[in-house]
Structures are given as structure tokens and as C-alpha cells.
Amino acid sequence: LDPVQHGGGKQAEAVVNIVGIGENVQIPVIKQGSLYKTRLEERGKKYRKNWSSCNLVLTDKFLVFYKDTKSFTKPDQHLELSGARIEWCNSDKSKRLNVFEISTVPPLEQKILLQDDDFTVANDWFSRIETVIVTLSQKELVVQRNIRMQQQQQISGTTAHLPDATTTATAALHQRADGTMSTTSTLLSTASSSKKNSAGSASAAGGSAASGSKVNRTKSLKLTTTTTSHQATAGPHSAGIEPDSPTSVVNVPIVKEKSKIRDKLRKFFLRRPNMEDLMKRGIMKNEPVFGSTLTLLSKVEHSDVPLFVKKCIQVLESKPEFLQTDGVYRQSGNLSTVQRLRLQIDHGNTDILDTIDDVHVLTGALKLFFRELKEPLIPWDSVDRLITAASLPSRKAKIKALKDELASGLPPSHQATLVYLLRHLDKVTTYKLVNRMAVSNLAIVFGPTLMWPPTHLTNTNIALNMMQQNMIVEALITNLSYIV
């Protein structure tokens, strides 16, 4: 390819010399640049991936490859895009980012991968190549449609004819790289619908062709093309792809399905109302157990300690091997199993806890219950006072301050549930030599689970909050026998 630029147009006209096409044929160059390329398959023979940088030139029918900018006179490889397929690749075909595959039709049946580290560059190439492929497919569809219309008119014996310009499509014959001949049709103009009952309708169809005809929209490819008889006879340049030109032969808007889906999902999530709005409008309601509040549960169940918490801890303590499990409460249970258990508990089926053999599922469900509460077990208003109490150097003063805060700073349901949980955690620490869950380890696990700041304070120092949360839980477990 000799990249000779002809000024004035939005696309560059270049002189190509592709084997089988002919020499010094001027065609529009849509894009040129460099990408990484590797060959996968050709004529059924598979190749090992060998990525290399190459220079590409995209025309209205071909994608031409050159080894470097100095070898534009002789192409290294070219792909005929008529009937080709293009698609983005996943990690199964390549571990690289932004990789897409192009597959051509027989007899060559070539498959190549193209890639660039910059997604913007790779996506631009993908979009332009896809535009060429769909445009060539549309030309073939319109030509086939016109041929069928002509055959139907000949069979019906009417005098209506398609417009001149020999009148539907011209077949541009060219040879492929293997020397065989193939036909690539060029889209010209289509006929207006002809009336079968009068000869006057034929002249009306001819007049319609003279002024230009329209190809209506199709559901599958959404083609909207307008051509004139002058463009139909304008010669080889009229077959060029000029998406920005109002007089282009074909102007096909390509819908990028993946980008379209991403945009739709992004817009959906942005305008989706939050949970609080849904609760106010009555669309979403409180779950019976998970996601509720301790005050509400105590009124419904007539118990200061939620029935689920009681049942779950009873099952855990009923089998000593559960509490002796290495990493109990530190390891997470299977999330899908925990969610199924949550659903059963919300439907009032607490007996299902007796059938669970995985200790990590039980502990995971218990931790999830406290995390999902609308109000933390230890209210954030009490955190500062508890931190002050836990920091007192005198043990006697520390115990008194902690005891006073539990008695007066927490609602009754919160106080009863916290004490019930702390007694269970104290029992877990008795097996610390086996399960390796000492008080400090349990404090790390339950600190953020039992208390968290309100929404307007979430931008505060998270590391400091976690350290303070852990210190409070550790102080409560250590001094439990003195404060209850």
C-alpha cells in the first residue's frame, strides 16, 4: 500500500497493491495505525500464539497488515471483511487486556487476535472494523433482496422493472489471495414498490428511482440508507464508506451491544432509589428477623434476646467439637448456604439450625444477623463512654464504669442480647488452646460487627475506629464476670 493522501476528503484515498485485486486501485482508507497481532488459525491449521506489533490499514473491504511503515509497498497479510465476524475475547483465549478476534469465511478461514493496552485505541479499531463488516453485509442483503424482487416480477409477467443503473446492484468481481474468484456486491439504489395492475405504475417506479429511493428500517440490523441514481452510477468511489458524509452510499449506525448494555445498567443503578426511599414508599418491608431491630424483635417475640440468637448459640454450645474447631468465628462459612439459612429463619423455621453440621455456617449466620441490624448492638453514642471506661488504668474504676454504661447507656433488649453473646464468647475462649481464638482474636472479629458509626460519620478514621471497637469488645469479655 502506498499511503498517498488526496486532500479535501474526510477519508484518505490510497493506492493499493494487493495480490488478486490489481495494481494502483484507489480505495478509501478508513483508518491506519499499529496494534499487536497474533495468528490463531488459517485453512483449518492452528498456530501457536506469537504476539508481534504490526501496522494496519483498514479499507472499505479489507484489513491489510504490514510489518513496518517502510514496507507499505508489499502487504504481509490481508483479510477480506465480507462475511467476517468480529468479537471481544475473554480470558480463555488470551490473558492480555482489550483483545478481539476476527474470523473470515472460507476458503481461507483465517482467525487472528488483535490487541492494544489502551482500551480507547482497541475499541476504536473494533468499532470501525465492525462498521465495515456490517456495511458489507447490508450490501449483500439489499442485492439479494433486489434479485428476489426481480425474479418475482419476471414470474408474475408484469411490465414493472427495477430502476436503471443496471438497475439494482453491480457486482464487483475480484480475486482472493488464493486465486479464486468471489463476488462482492456494491449497494446502489432500490426500487420503490411497483403496482402490478397497470403499466403506468412502471413509469411511476422509474420516476421514483430517478429522484432516489429509500431502504426502510429492518428490525435486526436497523439499516437506514438513502441513495440516488446519480450515486448509483457515480463509480467506484461511491462504494467508499464515509460515515460522516451526507452523500455516502451507506450510512449504517452500529449499535455496540456491550457498550449499550453497560450504559443501560449504569443509568439504571444511578436512578434506582435507595433502600430508605423504598421503605418509606412501602415497596420494601422489614425482614422478620435479619435486617430488623432488636427493639422490634423483642416486642414481636416477647423476648429481650432474639429467638434466633438463643437457638443458634444453643446449637453451637450443644456440641463441644463446634467450639473446639480451629478458627471458629474467624473463618467464613459458605455464603450461599448462609443466605439459604437466612431465608429459612426469616420464614420462621428456626428448627433448621439443628440440621446444620458446618460450624462456620452457623457462626457466619450469627455474625450476619448482627451486621444486618438496622441499629448496632452497641449504639454509637455509647462508644465514646465505653472507650473512656476501657482506658482507665485502675481495674476497679474500669469495671465500675463498664457496668454503669451497660446498665444505663443501653436499651434493655440491647443489654440482654449483648450479655448473652458475651457469655457465649467467653465460653469460646476456654478452648483457645485448641481453636486458637483468644479474647483478642474474638475482639477483632466482633468489634466492627457489634458497633459502627452512623452514615454521616463514615469518613472518619476507619483504622482508629476499628482499634477502639476491638478494645471495647476485649474489655467487655475480659471483665464479664465482674460487670454482670
# chains A, B, ... in the order shown; residues from 1 in each chain; ligands from 1
>>> residues_around(residues="Leu450 in chain A", least_positions_apart="4", cutoff="8 Å", atoms="only C-alpha atoms", output="ChimeraX atom specification")
/A:370-371,376-378,446
>>> write_last_selection(atoms="N, CA and C atoms", output="PDB file, in the first residue's frame")
ATOM      1  N   PHE A 370     -26.046  -9.842  63.303  1.00  0.00           N
ATOM      2  CA  PHE A 370     -25.658  -8.601  63.979  1.00  0.00           C
ATOM      3  C   PHE A 370     -25.229  -7.524  62.977  1.00  0.00           C
ATOM      4  N   ARG A 371     -24.614  -7.922  61.849  1.00  0.00           N
ATOM      5  CA  ARG A 371     -24.224  -6.935  60.841  1.00  0.00           C
ATOM      6  C   ARG A 371     -25.427  -6.337  60.131  1.00  0.00           C
ATOM      7  N   PRO A 376     -26.887  -0.814  65.497  1.00  0.00           N
ATOM      8  CA  PRO A 376     -25.870  -1.726  66.042  1.00  0.00           C
ATOM      9  C   PRO A 376     -26.215  -2.179  67.449  1.00  0.00           C
ATOM     10  N   LEU A 377     -25.691  -3.342  67.809  1.00  0.00           N
ATOM     11  CA  LEU A 377     -25.955  -3.879  69.140  1.00  0.00           C
ATOM     12  C   LEU A 377     -25.460  -2.910  70.219  1.00  0.00           C
ATOM     13  N   ILE A 378     -24.293  -2.325  70.001  1.00  0.00           N
ATOM     14  CA  ILE A 378     -23.772  -1.285  70.902  1.00  0.00           C
ATOM     15  C   ILE A 378     -23.950   0.055  70.204  1.00  0.00           C
ATOM     16  N   PHE A 446     -15.445  -9.388  66.232  1.00  0.00           N
ATOM     17  CA  PHE A 446     -16.738  -8.832  66.624  1.00  0.00           C
ATOM     18  C   PHE A 446     -16.731  -7.320  66.824  1.00  0.00           C
TER      19      PHE A 446
END
>>> residues_around(residues="range 363-366 of chain A", least_positions_apart="3", cutoff="9 Å", atoms="only C-alpha atoms", output="VMD selection string")
chain A and resid 308 to 309 312 to 313 316 328 to 335 338 to 339 341 to 342 359 to 360 369 to 371
>>> residues_around(residues="Ser481 in chain A", least_positions_apart="6", cutoff="12 Å", atoms="only C-alpha atoms", output="ChimeraX atom specification")
/A:399,402-403,419,422-423,426-427,475
>>> closest_residue(among="A:Arg272, A:Arg281, A:Lys49, A:Arg395", to="Ser94 in chain A", atoms="only C-alpha atoms")
A:Lys49
>>> residues_around(residues="range 52-68 of chain A", least_positions_apart="4", cutoff="6 Å", atoms="only C-alpha atoms", output="VMD selection string")
chain A and resid 28 to 37 75 to 81 240 to 241
>>> atom_distance(atom1="CA of Lys46 in chain A", atom2="CA of Gly83 in chain A")
20.8 Å
>>> atom_distance(atom1="CA of Leu97 in chain A", atom2="CA of Phe119 in chain A")
8.1 Å
>>> decode(residues="range 440-456 of chain A", atoms="all heavy atoms", output="JSON list (two decimals), in the first residue's frame")
[["chain", "number", "residue", "atom", "x", "y", "z"],
["A", 440, "SER", "N", -8.41, -11.54, 72.27],
["A", 440, "SER", "CA", -8.02, -10.52, 71.28],
["A", 440, "SER", "C", -8.48, -10.89, 69.88],
["A", 440, "SER", "O", -8.87, -10.01, 69.09],
["A", 440, "SER", "CB", -6.50, -10.35, 71.31],
["A", 440, "SER", "OG", -5.85, -11.59, 71.02],
["A", 441, "ASN", "N", -8.46, -12.18, 69.54],
["A", 441, "ASN", "CA", -8.91, -12.60, 68.21],
["A", 441, "ASN", "C", -10.42, -12.41, 68.05],
["A", 441, "ASN", "O", -10.90, -11.96, 66.99],
["A", 441, "ASN", "CB", -8.54, -14.07, 67.97],
["A", 441, "ASN", "CG", -7.04, -14.29, 67.94],
["A", 441, "ASN", "OD1", -6.28, -13.39, 67.58],
["A", 441, "ASN", "ND2", -6.60, -15.47, 68.33],
["A", 442, "LEU", "N", -11.18, -12.78, 69.07],
["A", 442, "LEU", "CA", -12.62, -12.57, 69.01],
["A", 442, "LEU", "C", -12.96, -11.09, 68.96],
["A", 442, "LEU", "O", -13.94, -10.69, 68.30],
["A", 442, "LEU", "CB", -13.29, -13.22, 70.23],
["A", 442, "LEU", "CG", -13.33, -14.75, 70.24],
["A", 442, "LEU", "CD1", -13.85, -15.26, 71.58],
["A", 442, "LEU", "CD2", -14.19, -15.27, 69.10],
["A", 443, "ALA", "N", -12.17, -10.26, 69.65],
["A", 443, "ALA", "CA", -12.41, -8.82, 69.62],
["A", 443, "ALA", "C", -12.22, -8.26, 68.21],
["A", 443, "ALA", "O", -12.98, -7.38, 67.77],
["A", 443, "ALA", "CB", -11.48, -8.11, 70.60],
["A", 444, "ILE", "N", -11.23, -8.77, 67.49],
["A", 444, "ILE", "CA", -11.01, -8.32, 66.11],
["A", 444, "ILE", "C", -12.20, -8.68, 65.23],
["A", 444, "ILE", "O", -12.62, -7.92, 64.36],
["A", 444, "ILE", "CB", -9.70, -8.93, 65.56],
["A", 444, "ILE", "CG1", -8.50, -8.35, 66.31],
["A", 444, "ILE", "CG2", -9.56, -8.67, 64.07],
["A", 444, "ILE", "CD1", -7.18, -9.01, 65.97],
["A", 445, "VAL", "N", -12.75, -9.89, 65.45],
["A", 445, "VAL", "CA", -13.87, -10.35, 64.62],
["A", 445, "VAL", "C", -15.15, -9.57, 64.94],
["A", 445, "VAL", "O", -15.87, -9.12, 64.03],
["A", 445, "VAL", "CB", -14.10, -11.86, 64.83],
["A", 445, "VAL", "CG1", -15.38, -12.31, 64.11],
["A", 445, "VAL", "CG2", -12.90, -12.65, 64.32],
["A", 446, "PHE", "N", -15.45, -9.39, 66.23],
["A", 446, "PHE", "CA", -16.74, -8.83, 66.62],
["A", 446, "PHE", "C", -16.73, -7.32, 66.82],
["A", 446, "PHE", "O", -17.80, -6.73, 66.96],
["A", 446, "PHE", "CB", -17.24, -9.52, 67.90],
["A", 446, "PHE", "CG", -17.91, -10.83, 67.65],
["A", 446, "PHE", "CD1", -17.18, -12.01, 67.70],
["A", 446, "PHE", "CD2", -19.25, -10.89, 67.34],
["A", 446, "PHE", "CE1", -17.80, -13.23, 67.46],
["A", 446, "PHE", "CE2", -19.87, -12.10, 67.10],
["A", 446, "PHE", "CZ", -19.14, -13.27, 67.15],
["A", 447, "GLY", "N", -15.57, -6.68, 66.85],
["A", 447, "GLY", "CA", -15.55, -5.24, 67.03],
["A", 447, "GLY", "C", -16.39, -4.49, 66.00],
["A", 447, "GLY", "O", -17.37, -3.80, 66.34],
["A", 448, "PRO", "N", -16.08, -4.63, 64.69],
["A", 448, "PRO", "CA", -16.87, -3.93, 63.67],
["A", 448, "PRO", "C", -18.28, -4.49, 63.51],
["A", 448, "PRO", "O", -19.15, -3.85, 62.92],
["A", 448, "PRO", "CB", -16.06, -4.13, 62.39],
["A", 448, "PRO", "CG", -14.70, -4.58, 62.83],
["A", 448, "PRO", "CD", -14.92, -5.31, 64.11],
["A", 449, "THR", "N", -18.51, -5.74, 64.00],
["A", 449, "THR", "CA", -19.82, -6.37, 63.85],
["A", 449, "THR", "C", -20.84, -5.84, 64.85],
["A", 449, "THR", "O", -22.03, -5.75, 64.54],
["A", 449, "THR", "CB", -19.67, -7.90, 64.02],
["A", 449, "THR", "OG1", -18.74, -8.38, 63.05],
["A", 449, "THR", "CG2", -21.01, -8.61, 63.83],
["A", 450, "LEU", "N", -20.38, -5.48, 66.03],
["A", 450, "LEU", "CA", -21.29, -5.08, 67.09],
["A", 450, "LEU", "C", -21.51, -3.57, 67.18],
["A", 450, "LEU", "O", -22.44, -3.11, 67.83],
["A", 450, "LEU", "CB", -20.78, -5.58, 68.44],
["A", 450, "LEU", "CG", -20.59, -7.10, 68.57],
["A", 450, "LEU", "CD1", -20.16, -7.45, 69.98],
["A", 450, "LEU", "CD2", -21.86, -7.84, 68.18],
["A", 451, "MET", "N", -20.65, -2.78, 66.54],
["A", 451, "MET", "CA", -20.81, -1.31, 66.59],
["A", 451, "MET", "C", -20.22, -0.70, 65.32],
["A", 451, "MET", "O", -19.20, -1.16, 64.82],
["A", 451, "MET", "CB", -20.13, -0.75, 67.85],
["A", 451, "MET", "CG", -18.64, -0.91, 67.89],
["A", 451, "MET", "SD", -17.92, -0.77, 69.54],
["A", 451, "MET", "CE", -17.96, -2.48, 70.08],
["A", 452, "TRP", "N", -20.87, 0.32, 64.81],
["A", 452, "TRP", "CA", -20.38, 1.04, 63.63],
["A", 452, "TRP", "C", -20.92, 2.46, 63.66],
["A", 452, "TRP", "O", -21.99, 2.72, 64.24],
["A", 452, "TRP", "CB", -20.77, 0.32, 62.35],
["A", 452, "TRP", "CG", -22.24, 0.11, 62.18],
["A", 452, "TRP", "CD1", -23.15, 0.98, 61.67],
["A", 452, "TRP", "CD2", -22.98, -1.08, 62.53],
["A", 452, "TRP", "NE1", -24.41, 0.43, 61.68],
["A", 452, "TRP", "CE2", -24.34, -0.83, 62.19],
["A", 452, "TRP", "CE3", -22.63, -2.31, 63.09],
["A", 452, "TRP", "CZ2", -25.33, -1.78, 62.40],
["A", 452, "TRP", "CZ3", -23.62, -3.25, 63.28],
["A", 452, "TRP", "CH2", -24.96, -2.99, 62.95],
["A", 453, "PRO", "N", -20.21, 3.39, 63.04],
["A", 453, "PRO", "CA", -20.64, 4.79, 63.09],
["A", 453, "PRO", "C", -21.83, 5.03, 62.17],
["A", 453, "PRO", "O", -22.05, 4.28, 61.21],
["A", 453, "PRO", "CB", -19.40, 5.55, 62.59],
["A", 453, "PRO", "CG", -18.68, 4.57, 61.75],
["A", 453, "PRO", "CD", -18.92, 3.23, 62.35],
["A", 454, "PRO", "N", -22.61, 6.07, 62.43],
["A", 454, "PRO", "CA", -23.71, 6.42, 61.51],
["A", 454, "PRO", "C", -23.17, 6.89, 60.17],
["A", 454, "PRO", "O", -21.98, 7.14, 60.00],
["A", 454, "PRO", "CB", -24.45, 7.54, 62.27],
["A", 454, "PRO", "CG", -23.45, 8.09, 63.22],
["A", 454, "PRO", "CD", -22.55, 6.96, 63.60],
["A", 455, "THR", "N", -24.09, 7.05, 59.20],
["A", 455, "THR", "CA", -23.69, 7.34, 57.83],
["A", 455, "THR", "C", -22.90, 8.63, 57.72],
["A", 455, "THR", "O", -21.91, 8.69, 56.98],
["A", 455, "THR", "CB", -24.94, 7.42, 56.94],
["A", 455, "THR", "OG1", -25.73, 6.25, 57.11],
["A", 455, "THR", "CG2", -24.55, 7.56, 55.47],
["A", 456, "HIS", "N", -23.29, 9.66, 58.44],
["A", 456, "HIS", "CA", -22.62, 10.95, 58.30],
["A", 456, "HIS", "C", -21.24, 10.98, 58.94],
["A", 456, "HIS", "O", -20.50, 11.96, 58.81],
["A", 456, "HIS", "CB", -23.48, 12.06, 58.92],
["A", 456, "HIS", "CG", -23.67, 11.95, 60.40],
["A", 456, "HIS", "ND1", -24.61, 11.09, 60.95],
["A", 456, "HIS", "CD2", -23.05, 12.57, 61.44],
["A", 456, "HIS", "CE1", -24.57, 11.20, 62.27],
["A", 456, "HIS", "NE2", -23.62, 12.09, 62.60]]
